[in-house]
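Heads up: the structure comes next, in structure tokens.
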Amino acid sequence: MKRNIYGLAALLLAGIALPACEDLDTAPEGSTITSEQKDAVYTNNPERSLSAITSIFSQMTAYMPNYDAISREAHSDFGYPSIMAFNDRLGEDMVTIYTGYNWFSNSLTYTNHVYGQYNSTIIWNDLYSYIFSSNNVISAFNVSSESTDAELDALSTDYKFSVAQAFAMRAFSYFNLVQLYAFNVVGHGSDLAVPIITEQNAEEVAVEGALLSTVDDVYALIYADLKKAIYLLEQAEDDGYARPDKRYIDLATAYGIRARVNLVAQKYEDAAADANAAIEITDAEPASIDDVSKPYFSSLDEGNWLWGIKIAETDDVVNSGIVNYPSHCYTLNYGYANFSGASQISKKLFNSISETDVRRGWWIDEDGVSANLNAEQQGFMTDYGYAPYTVCKFAPYKNVVGTATSANDIPLLRVEELYLIKAEAENSVAVLNDFVKTYRDPEYNFTGDDLKKEIWRQRRIEFWGEGLNWFDVMRFGQGFDRRGAGFASNYVYVVSGTDGILLWPVPESEVEANKALKNAGYTYTYSRPKSVPDLDIEL
């Protein structure tokens, strides 16, 4: 079965369950059930609504969910973390080498931005799977992004929480898509982005397909969905409902997601308001200098996480041994990274980090040493011959060096991001200085003229390897420059912020299956970047 949004819409219309959403659509006897029966199930079994939501989040760490769509086993196909890894490697901040063990070499070479390549299919299918699962939950409760407050008020507390999860996840998914397949909304609102598929038009899409919607229209849906999610979560939490764990979205997380959206849209006053609201209501606090003076960022239990992907030892991605995010992206677990050369921070970005900044130890230096590593960890890095500037930021699972159990949780939103959003949105040197000095570098004191550029540098360091940096490249519209970063000569690219190669192509399988899109004559004709002479460039 080739999966694409046209096909998925048809499946949902027919009442056939997606693999991770069988709680929504399949009766215990195995037969499909109607929308009316779904409502009855939820009425009699309120816990089923949470189970349905859990299945959406489980999709984010699925094992090879696109096997049928791409007709192959891809060891880079393991849910949302795959999207993080594909995009982190597109710019200049993450250096890798071309090798058979590096399943993300296509980002290094930009061969994944060639029409027909399967990486785009993985991204597209994953995000639209979350959207369709969210649509299914929303439709089961007969609400939509256009529902009135009174209609939402009529839901029980449990249902308010569940429906809020669906609205928030749909918004999160479309926010990813619109940033990857179109340029920034500021100045590009009328550009075509991606199809909008909701519970309201799924029947039409199943028959006729769907055209690409404008960037403005996608953002309108994102804002409408987040407004509903925040409204419902406020009520649910006022009624005493608390999320079971951090894989679910709480009110602070929803504000944090909207703060991201507002920052990209350059609605700075709104971004600051949302960031401040999230900071005020969350229990999360930035990790201390002591916390991050050793490998960290591996568990939902860490006090600085607002939201993350929960991984269990029994998950298929873990049992696979190597088809998971830590295998490819971390260095203190056992996995592909031990043999692929792993990934390094840009040499010029590393050299911009002060000697007094604890984050300098998140990577080994030019001598292969990090002050943040204990003897066992340092020995492991040395034994595998990791190149200078290789990452050692992320702790191995349960702090067992070399473990083959890669059940590390994956961060999606940390409270540190809220402080950096606040600093940028409020144009506040004081907020930036206070955050960095308190939590990362006691000697830090920014006195320069370009505050926005400095905040971006801080974000590039702080969230390196967490799937965020490419979105900053796209929102700032400045492209990237790999000179002086440490790339092999064949892959030293300088790409302008207006070059269409920065955009992901709509998958060929989608164009062929989507009648409306095919009839519209969708094309993608951008050429891969050409290498340029390397230079030793400072930031």
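Convention: chains lettered A, B, ... in structure tokens order; per-chain residue numbering from 1; ligands numbered from 1 as shown.
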
Backbone-only DSSP, strand (DSSP E or B) members of stretch 123-347 of chain A, as an MDAnalysis selection string: chainID A and resid 192 214 296 305:309 344:345

Selected residues written out with N, CA and C atoms, as a CSV table (one decimal), in the first residue's frame:
chain,number,residue,atom,x,y,z
A,192,LEU,N,2.3,28.9,-2.4
A,192,LEU,CA,1.6,27.7,-2.2
A,192,LEU,C,2.5,26.8,-1.2
A,214,THR,N,-2.3,28.0,0.4
A,214,THR,CA,-1.3,29.0,0.6
A,214,THR,C,-0.8,29.0,2.0
A,296,TYR,N,23.6,14.7,29.2
A,296,TYR,CA,22.3,15.0,29.7
A,296,TYR,C,21.2,14.8,28.6
A,305,TRP,N,12.3,19.8,30.8
A,305,TRP,CA,11.5,19.4,29.6
A,305,TRP,C,10.0,19.8,29.9
A,306,LEU,N,9.4,20.4,28.8
A,306,LEU,CA,7.9,20.5,28.9
A,306,LEU,C,7.2,19.4,28.1
A,307,TRP,N,7.9,18.9,27.0
A,307,TRP,CA,7.3,17.9,26.2
A,307,TRP,C,8.3,17.1,25.5
A,308,GLY,N,8.0,15.8,25.3
A,308,GLY,CA,9.0,15.0,24.7
A,308,GLY,C,8.4,13.7,24.2
A,309,ILE,N,9.1,12.9,23.4
A,309,ILE,CA,8.7,11.6,22.9
A,309,ILE,C,9.1,10.5,23.9
A,344,GLN,N,29.5,16.1,14.0
A,344,GLN,CA,30.3,17.1,14.7
A,344,GLN,C,29.6,18.5,14.6
A,345,ILE,N,29.9,19.3,15.6
A,345,ILE,CA,29.5,20.7,15.5
A,345,ILE,C,30.4,21.4,14.5

All helix (DSSP H, G or I) residues (DSSP, backbone) inside stretch 27-204 of chain A, as a ChimeraX atom specification: /A:35-44,47-59,67-70,80-88,105-109,111-113,118-140,149-153,157-181,202-204

One-decimal distance in Å that lies between atom CA of A:Ala182 and atom CA of A:Tyr115: 15.3 Å

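Minimum atom-to-atom distances from A:Phe175, A:Glu73, A:Asp216, A:Trp504 to A:Gly187 were compared using only C-alpha atoms, and the lowest value belongs to A:Asp216.
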
Top pick for closest residue to A:Ser55, considering A:Ser133, A:Ser190, A:Asn106, A:Asn469 and counting only C-alpha atoms: A:Ser133

Atom CA of A:Ser489 to atom CA of A:Ala337, distance in Å rounded to a single decimal: 21.6 Å

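Excluding A:Leu539 itself and any same-chain residue fewer than 3 positions from it, the protein and nucleic acid residues within 8 Å of it, counting only C-alpha atoms, are Lys348, Leu349 and Ser352 of chain A.
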